[in-house]
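Visitor: Just dropping this structure here.
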Amino acid sequence: MTMETGGPLDDGGISPAGDPFALFAEWMAEAQASEPNDANAMALATADADGHPNVRMVLLKGVDASGFVFYSNAQSIKGGELAATPHAALNFHWKSLRKVVRVKGAVTQVSDAEADAYFATRPKDSQIGAWASPQSRPMEGRWVFEKRIAEYALKYGIGTVPRPPHWTGWRITPTRIEFWRDRPFRLHDRLVYSRATEKDAWSTERLFP
């Protein structure tokens, strides 16, 4: 198929930045200005011991040249899967921008100091909730959770709430990041950054939609 001048591919596609994190920062800034809620929401995919995939939504809480960081309960299903199989994938979908970013790579747990620093920034109710919720475990009834919240609120009602030992963060150090942009007639733009290991330089390539 030949595209005429002025057609849907004339803009040349997504413009590569010096590295994928710079381009991600540009897109995230756009999303924070346009998305009505949680521009930092991302789908996190892990795998269980049998290799079966598992996906849920989490919030991005930090990103730099070393990777993408999120926090949760290490005793949850996701925590167990990440401990057993320390590889994961992320997917950001910004509907208002009609843009997607896909990430995959190895996963490492953040340091205690890093987890402590982030935990200290959380609202106190969220800190208490981290103590009160045995995440992903069966719950006999909502009242059980509310009772646990009340108990920990009484325990930590005054003073600083310490970080639970089972609450931490993970960093996904990517080896592949794909930027996808919607275009008319399903002639979408796809730009991929990839590298063999985190120590290697990034290479880029464009993919057919």
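Convention: chains lettered A, B, ... in structure tokens order; per-chain residue numbering from 1; ligands numbered from 1 as shown.
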If we count only C-alpha atoms and set the cut-off at 6 Å, which residues sit around stretch 57-63 of chain A, ignoring sequence neighbours fewer than 5 positions away in its own chain? Please answer as JSON, numbers by chain.
Guide: {"A": [40, 41, 42, 43, 44, 68, 69, 70]}
Visitor: Check the DSSP output for the backbone and give back, as an mmCIF file with N, CA and C atoms, in the first residue's frame, the residues of stretch 62-167 of chain A in strand (DSSP E).
Guide:
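Generated output (part.cif):
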data_model
loop_
_atom_site.group_PDB
_atom_site.id
_atom_site.type_symbol
_atom_site.label_atom_id
_atom_site.label_comp_id
_atom_site.auth_asym_id
_atom_site.auth_seq_id
_atom_site.Cartn_x
_atom_site.Cartn_y
_atom_site.Cartn_z
ATOM 1 N N GLY A 62 8.580 5.152 41.468
ATOM 2 C CA GLY A 62 9.892 5.714 41.183
ATOM 3 C C GLY A 62 10.428 5.164 39.880
ATOM 4 N N VAL A 63 11.154 5.987 39.145
ATOM 5 C CA VAL A 63 11.785 5.523 37.906
ATOM 6 C C VAL A 63 13.031 6.358 37.662
ATOM 7 N N ASP A 64 14.117 5.684 37.330
ATOM 8 C CA ASP A 64 15.356 6.339 36.933
ATOM 9 C C ASP A 64 16.120 5.363 36.051
ATOM 10 N N GLY A 67 15.805 1.624 36.781
ATOM 11 C CA GLY A 67 14.584 0.856 36.599
ATOM 12 C C GLY A 67 13.331 1.483 37.163
ATOM 13 N N PHE A 68 12.261 0.675 37.167
ATOM 14 C CA PHE A 68 10.927 1.084 37.575
ATOM 15 C C PHE A 68 10.613 0.457 38.940
ATOM 16 N N VAL A 69 10.158 1.259 39.902
ATOM 17 C CA VAL A 69 9.988 0.804 41.275
ATOM 18 C C VAL A 69 8.523 0.848 41.705
ATOM 19 N N PHE A 70 8.094 -0.205 42.386
ATOM 20 C CA PHE A 70 6.766 -0.225 43.004
ATOM 21 C C PHE A 70 6.892 -0.913 44.358
ATOM 22 N N TYR A 71 5.865 -0.760 45.204
ATOM 23 C CA TYR A 71 5.897 -1.295 46.566
ATOM 24 C C TYR A 71 4.661 -2.131 46.843
ATOM 25 N N SER A 72 4.824 -3.114 47.735
ATOM 26 C CA SER A 72 3.695 -3.967 48.100
ATOM 27 C C SER A 72 4.102 -4.874 49.257
ATOM 28 N N ASN A 73 3.248 -5.843 49.531
ATOM 29 C CA ASN A 73 3.459 -6.823 50.595
ATOM 30 C C ASN A 73 4.232 -8.012 50.029
ATOM 31 N N HIS A 87 11.497 -12.139 37.441
ATOM 32 C CA HIS A 87 11.353 -11.450 36.163
ATOM 33 C C HIS A 87 9.907 -10.995 36.055
ATOM 34 N N ALA A 88 9.685 -9.859 35.412
ATOM 35 C CA ALA A 88 8.320 -9.339 35.328
ATOM 36 C C ALA A 88 8.178 -8.455 34.098
ATOM 37 N N ALA A 89 6.930 -8.113 33.807
ATOM 38 C CA ALA A 89 6.620 -7.194 32.715
ATOM 39 C C ALA A 89 5.627 -6.159 33.211
ATOM 40 N N LEU A 90 5.705 -4.972 32.632
ATOM 41 C CA LEU A 90 4.806 -3.871 32.975
ATOM 42 C C LEU A 90 4.113 -3.383 31.712
ATOM 43 N N ASN A 91 2.918 -2.823 31.906
ATOM 44 C CA ASN A 91 2.216 -2.208 30.789
ATOM 45 C C ASN A 91 1.526 -0.936 31.283
ATOM 46 N N PHE A 92 1.882 0.183 30.679
ATOM 47 C CA PHE A 92 1.216 1.461 30.944
ATOM 48 C C PHE A 92 0.279 1.741 29.769
ATOM 49 N N HIS A 93 -0.967 2.079 30.067
ATOM 50 C CA HIS A 93 -1.910 2.440 29.010
ATOM 51 C C HIS A 93 -2.546 3.772 29.378
ATOM 52 N N TRP A 94 -2.202 4.803 28.629
ATOM 53 C CA TRP A 94 -2.762 6.132 28.861
ATOM 54 C C TRP A 94 -3.826 6.397 27.802
ATOM 55 N N LYS A 99 -1.610 6.160 24.076
ATOM 56 C CA LYS A 99 -0.221 5.703 24.090
ATOM 57 C C LYS A 99 -0.063 4.545 25.070
ATOM 58 N N VAL A 100 0.900 3.681 24.788
ATOM 59 C CA VAL A 100 1.209 2.519 25.632
ATOM 60 C C VAL A 100 2.729 2.401 25.754
ATOM 61 N N VAL A 101 3.178 2.002 26.943
ATOM 62 C CA VAL A 101 4.589 1.640 27.132
ATOM 63 C C VAL A 101 4.625 0.246 27.747
ATOM 64 N N ARG A 102 5.410 -0.639 27.148
ATOM 65 C CA ARG A 102 5.578 -2.000 27.653
ATOM 66 C C ARG A 102 7.019 -2.186 28.104
ATOM 67 N N VAL A 103 7.189 -2.810 29.260
ATOM 68 C CA VAL A 103 8.521 -2.983 29.865
ATOM 69 C C VAL A 103 8.675 -4.429 30.305
ATOM 70 N N LYS A 104 9.862 -4.993 30.132
ATOM 71 C CA LYS A 104 10.141 -6.290 30.747
ATOM 72 C C LYS A 104 11.598 -6.358 31.158
ATOM 73 N N GLY A 105 11.857 -7.121 32.234
ATOM 74 C CA GLY A 105 13.220 -7.237 32.705
ATOM 75 C C GLY A 105 13.316 -7.990 34.010
ATOM 76 N N ALA A 106 14.512 -8.027 34.553
ATOM 77 C CA ALA A 106 14.768 -8.710 35.815
ATOM 78 C C ALA A 106 14.296 -7.857 36.983
ATOM 79 N N VAL A 107 13.969 -8.528 38.083
ATOM 80 C CA VAL A 107 13.435 -7.857 39.263
ATOM 81 C C VAL A 107 14.361 -8.068 40.454
ATOM 82 N N THR A 108 14.622 -7.000 41.188
ATOM 83 C CA THR A 108 15.360 -7.085 42.435
ATOM 84 C C THR A 108 14.608 -6.315 43.509
ATOM 85 N N GLN A 109 14.776 -6.725 44.750
ATOM 86 C CA GLN A 109 14.129 -6.037 45.860
ATOM 87 C C GLN A 109 14.927 -4.781 46.198
ATOM 88 N N TRP A 167 6.765 -5.612 54.206
ATOM 89 C CA TRP A 167 6.353 -4.598 53.223
ATOM 90 C C TRP A 167 7.618 -4.003 52.602
#
Visitor: With distances taken over only C-alpha atoms, which of A:Lys147, A:Gln127, A:Trp27, A:Thr173 is nearest to A:Ala39?
Guide: A:Trp27
Visitor: Ranking A:Thr46, A:Thr204, A:Gln32, A:Ser133 by minimum distance to A:Pro164 and counting only C-alpha atoms, which one comes first?
Guide: A:Ser133
Visitor: Select, from A:Glu81, A:Glu114, A:Glu30, A:Asp125, the residue with the minimum atom-to-atom distance to A:Arg171, counting only C-alpha atoms.
Guide: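 When distances to A:Arg171 are compared using only C-alpha atoms, the smallest one comes from A:Glu114.
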Visitor: Can you work out which one of A:Glu198, A:Asp189, A:Ala29, A:Ile149 has the shortest atom-to-atom distance to A:Ser15, counting only C-alpha atoms?
Guide: A:Asp189
Visitor: Once DSSP has gone over the backbone, tell me which residues of stretch 102-139 of chain A are in helix (DSSP H, G or I), as a VMD selection string.
Guide: chain A and resid 112 to 119 124 to 132
Visitor: Export C-alpha atoms of the chosen residues as a short mmCIF file (atom, residue, chain, number, x, y, z; two decimals), in the first residue's frame?
Guide:
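Saved file part_8.cif follows:
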data_model
loop_
_atom_site.label_atom_id
_atom_site.label_comp_id
_atom_site.auth_asym_id
_atom_site.auth_seq_id
_atom_site.Cartn_x
_atom_site.Cartn_y
_atom_site.Cartn_z
CA ASP A 112 15.65 -1.53 53.40
CA ALA A 113 16.73 2.11 53.46
CA GLU A 114 14.88 2.81 50.21
CA ALA A 115 11.75 1.02 51.44
CA ASP A 116 11.90 2.86 54.78
CA ALA A 117 12.22 6.22 53.04
CA TYR A 118 9.21 5.63 50.80
CA PHE A 119 7.08 4.11 53.59
CA LYS A 124 -0.65 7.28 58.25
CA ASP A 125 -3.86 5.39 57.43
CA SER A 126 -2.04 3.65 54.57
CA GLN A 127 0.86 2.80 56.88
CA ILE A 128 -1.55 1.24 59.38
CA GLY A 129 -3.27 -0.62 56.54
CA ALA A 130 0.05 -2.20 55.57
CA TRP A 131 0.23 -3.72 59.05
CA ALA A 132 -3.45 -4.70 59.20
#
Visitor: Using only C-alpha atoms, can you tell me which of A:Leu154, A:Leu187, A:Ile177, A:Ile77 comes closest to A:Arg137?
Guide: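 Smallest separation from A:Arg137 among the options: A:Ile77.
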Visitor: Near A:Ser203, within 8 Å and counting only C-alpha atoms, which residues show up once chain neighbours fewer than 2 positions away are dropped, as a ChimeraX atom specification?
Guide: /A:193-195,201,205
Visitor: Using only C-alpha atoms, which residues sit within 8 Å of A:Val110 once same-chain residues fewer than 6 positions away are excluded, as a PyMOL selection string?
Guide: chain A and resi 168-171
Visitor: Tell me, in Å to one decimal, how far atom CA of A:Leu207 is from atom CA of A:Val55.
Guide: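 Interatomic distance here is 24.8 Å.
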Visitor: What separation in Å, quoted to one decimal, exists between atom CA of A:Ala33 and atom CA of A:Phe208?
Guide: 29.2 Å
